[in-house]
Amino acid sequence: MEISPLKNWPFKLGRPLIISGPCSAESEVQVLETARELKGREAAHIFRAGIWKPRTRPNSFEGVGEKGLPWLLRVKKEIGLPTCTEVANASHVELALKHEVDILWIGARTTTSPFAVQELASALKGVDIPVMVKNPISVDIALWIGALERFSGAGISKLMAVHRGFSTTLDSRFRNGPNWKIPIELKLRFPELPIICDPSHIAGKRELIKEICQRAMDLDFDGLMIESHLDPKSALSDKSQQVTPENLAQILHDLSYKTEFSPDKDFGLELETLREKIDHIDYELLENLKVRMEIVKIIGESKRKMKITALQKNRIEFLLKQRMEKAGELGLSDSFIRDIFGHIHAESLKSQTEIISRI
Ligand code: PEP
Ligand code: MN
């Protein structure tokens, strides 16, 4: 992939690059006032606003559509912030270009579909415009790279990746699990590719935004895309995750910025990769525990039917003996494994007792 570094982009950008604006353009006043606030507080280099909104369910606000594009043009001309918006089909591309949108972004749902990505890439053939590609909603780095390659193949060299988290089946504090090892892998495979983090869609709630921004800065991301709204509670989309321009300025002020050439950068990345592995293993442990408890309950129901006691001393003795042998083979400490299985067994017994004694 031929990639133009950020310094060759035709805008005045800082590091970290900050993109902000509402999830959705809602009205001309909202768009212009938000942009003015952001500019006044020096809280954005680029203004974002969704014009066409991909909504998971129909009958939600699907964006103002074409009529919002002249609002973005006013932001650019009157306030002096370059603009960006999401495009999901060739007609969006045509309209966005007609209204001089500076940067296009490809949404997470679109990146998931190679047909849609190819349609967009073909519509952009011969056009020199920067394109930001959000990660696909599924944890699939190949789809993300594939989409970047399709734009590269269409002659787009000002490319950027946006990490916005992945749909997750795991119980998580986040709306979209960050799965940091995926953007880190992308960074390692394409060191020239600028990559920014979208903490808003990872977090799903504004309280978590700062923590995710800090993590992205610590991982040497090139920038942040953060949704902002003058009155987040009344936003027509993503109201729980938007922050006011004032909050945003405070968050940006409070972050601790690491320099690109910190001597510990490699160490930091390595540590992060290892911690990602540990996070993953812990989630697996938790998922396995959940399945184990479900089976325990099924056994509990059978014991109840057959009028068998919850506690069967032989079984626990046998189980512990077997687990301890295996632990010994694996080089795990006796007391550690005995403790863990002691807790697991106690919880299983408690759950079965509740089932068996139900009246
Ligand atoms: C957005 O940026 O408002 C958006 C819809 O993002 P994503 O494609 O990441 O869900
Ligand atoms: Mn949004």
# chains A, B, ... in the order shown; residues from 1 in each chain; ligands from 1

call {"tool": "residues_near_ligand", "arguments": {"ligand": "ligand 1", "cutoff": "9 Å", "atoms": "only C-alpha atoms and all ligand atoms", "output": "PyMOL selection string"}}
result
chain A and resi 22-24+48-50+52-55+85-86+105-111+134-137+162-165+198+200-202+225-227+237-238

call {"tool": "write_last_selection", "arguments": {"atoms": "C-alpha atoms", "output": "short mmCIF file (atom, residue, chain, number, x, y, z; two decimals), in the first residue's frame"}}
result
data_model
loop_
_atom_site.label_atom_id
_atom_site.label_comp_id
_atom_site.auth_asym_id
_atom_site.auth_seq_id
_atom_site.Cartn_x
_atom_site.Cartn_y
_atom_site.Cartn_z
CA PRO A 22 -21.62 15.66 16.59
CA CYS A 23 -22.50 12.05 15.88
CA SER A 24 -25.16 13.48 13.54
CA ARG A 48 -17.00 15.68 11.87
CA ALA A 49 -20.75 15.19 11.49
CA GLY A 50 -22.76 12.23 10.25
CA TRP A 52 -26.36 9.73 6.58
CA LYS A 53 -26.55 7.59 9.69
CA PRO A 54 -26.32 3.80 9.54
CA ARG A 55 -28.74 2.76 12.28
CA THR A 85 -18.48 12.79 6.98
CA GLU A 86 -19.39 9.15 6.51
CA TRP A 105 -14.88 8.17 6.36
CA ILE A 106 -16.06 4.64 5.89
CA GLY A 107 -18.25 3.41 8.74
CA ALA A 108 -17.71 0.19 10.63
CA ARG A 109 -20.74 -1.52 9.10
CA THR A 110 -19.60 -0.62 5.59
CA THR A 111 -16.04 -1.90 6.14
CA LYS A 134 -13.09 2.48 10.49
CA ASN A 135 -12.48 -1.07 11.64
CA PRO A 136 -15.20 -3.59 10.75
CA ILE A 137 -17.64 -4.38 13.54
CA VAL A 162 -9.90 4.54 12.73
CA HIS A 163 -10.13 2.17 15.66
CA ARG A 164 -13.71 2.24 17.03
CA GLY A 165 -13.87 -1.09 18.82
CA ASP A 198 -12.59 6.76 18.23
CA SER A 200 -16.82 7.51 21.63
CA HIS A 201 -17.97 4.36 19.87
CA ILE A 202 -15.73 2.15 22.00
CA MET A 225 -12.08 11.17 16.86
CA ILE A 226 -14.45 12.19 19.64
CA GLU A 227 -18.14 12.95 19.26
CA SER A 237 -28.15 9.72 18.03
CA ASP A 238 -25.54 8.35 20.43
#

call {"tool": "residues_around", "arguments": {"residues": "range 335-346 of chain A", "least_positions_apart": "4", "cutoff": "8 Å", "atoms": "only C-alpha atoms", "output": "count of residues only"}}
result
6

call {"tool": "closest_residue", "arguments": {"among": "A:Ile278, A:Ile356, A:Leu252, A:Leu95", "to": "Met306 in chain A", "atoms": "only C-alpha atoms"}}
result
A:Ile356

call {"tool": "residues_around", "arguments": {"residues": "Trp9 in chain A", "least_positions_apart": "3", "cutoff": "10 Å", "atoms": "only C-alpha atoms", "output": "list of chain:residue names"}}
result
A:Ser4, A:Pro5, A:Leu6, A:Lys12, A:Leu13, A:Ile129, A:Pro130, A:Ser157, A:Lys158, A:Leu159

call {"tool": "select_by_dssp", "arguments": {"residues": "range 118-257 of chain A", "states": "strand (DSSP E or B)", "output": "ChimeraX atom specification"}}
result
/A:131-134,159-163,166,177,195-197,223-228,243

call {"tool": "select_by_dssp", "arguments": {"residues": "range 113-335 of chain A", "states": "helix (DSSP H, G or I)", "output": "MDAnalysis selection string"}}
result
chainID A and resid 114:123 141:153 181:189 199:203 206:218 232:234 245:254 265:306 313:330 334:335

call {"tool": "residues_around", "arguments": {"residues": "range 253-257 of chain A", "least_positions_apart": "4", "cutoff": "10 Å", "atoms": "only C-alpha atoms", "output": "NGL selection string"}}
result
:A and (15-16 or 43 or 210-211 or 213-218 or 220 or 247-249)

call {"tool": "closest_residue", "arguments": {"among": "A:Val93, A:Leu330, A:Leu38, A:Ile195", "to": "Thr244 in chain A", "atoms": "only C-alpha atoms"}}
result
A:Leu38

call {"tool": "atom_distance", "arguments": {"atom1": "CA of Leu319 in chain A", "atom2": "CA of Leu286 in chain A"}}
result
20.0 Å
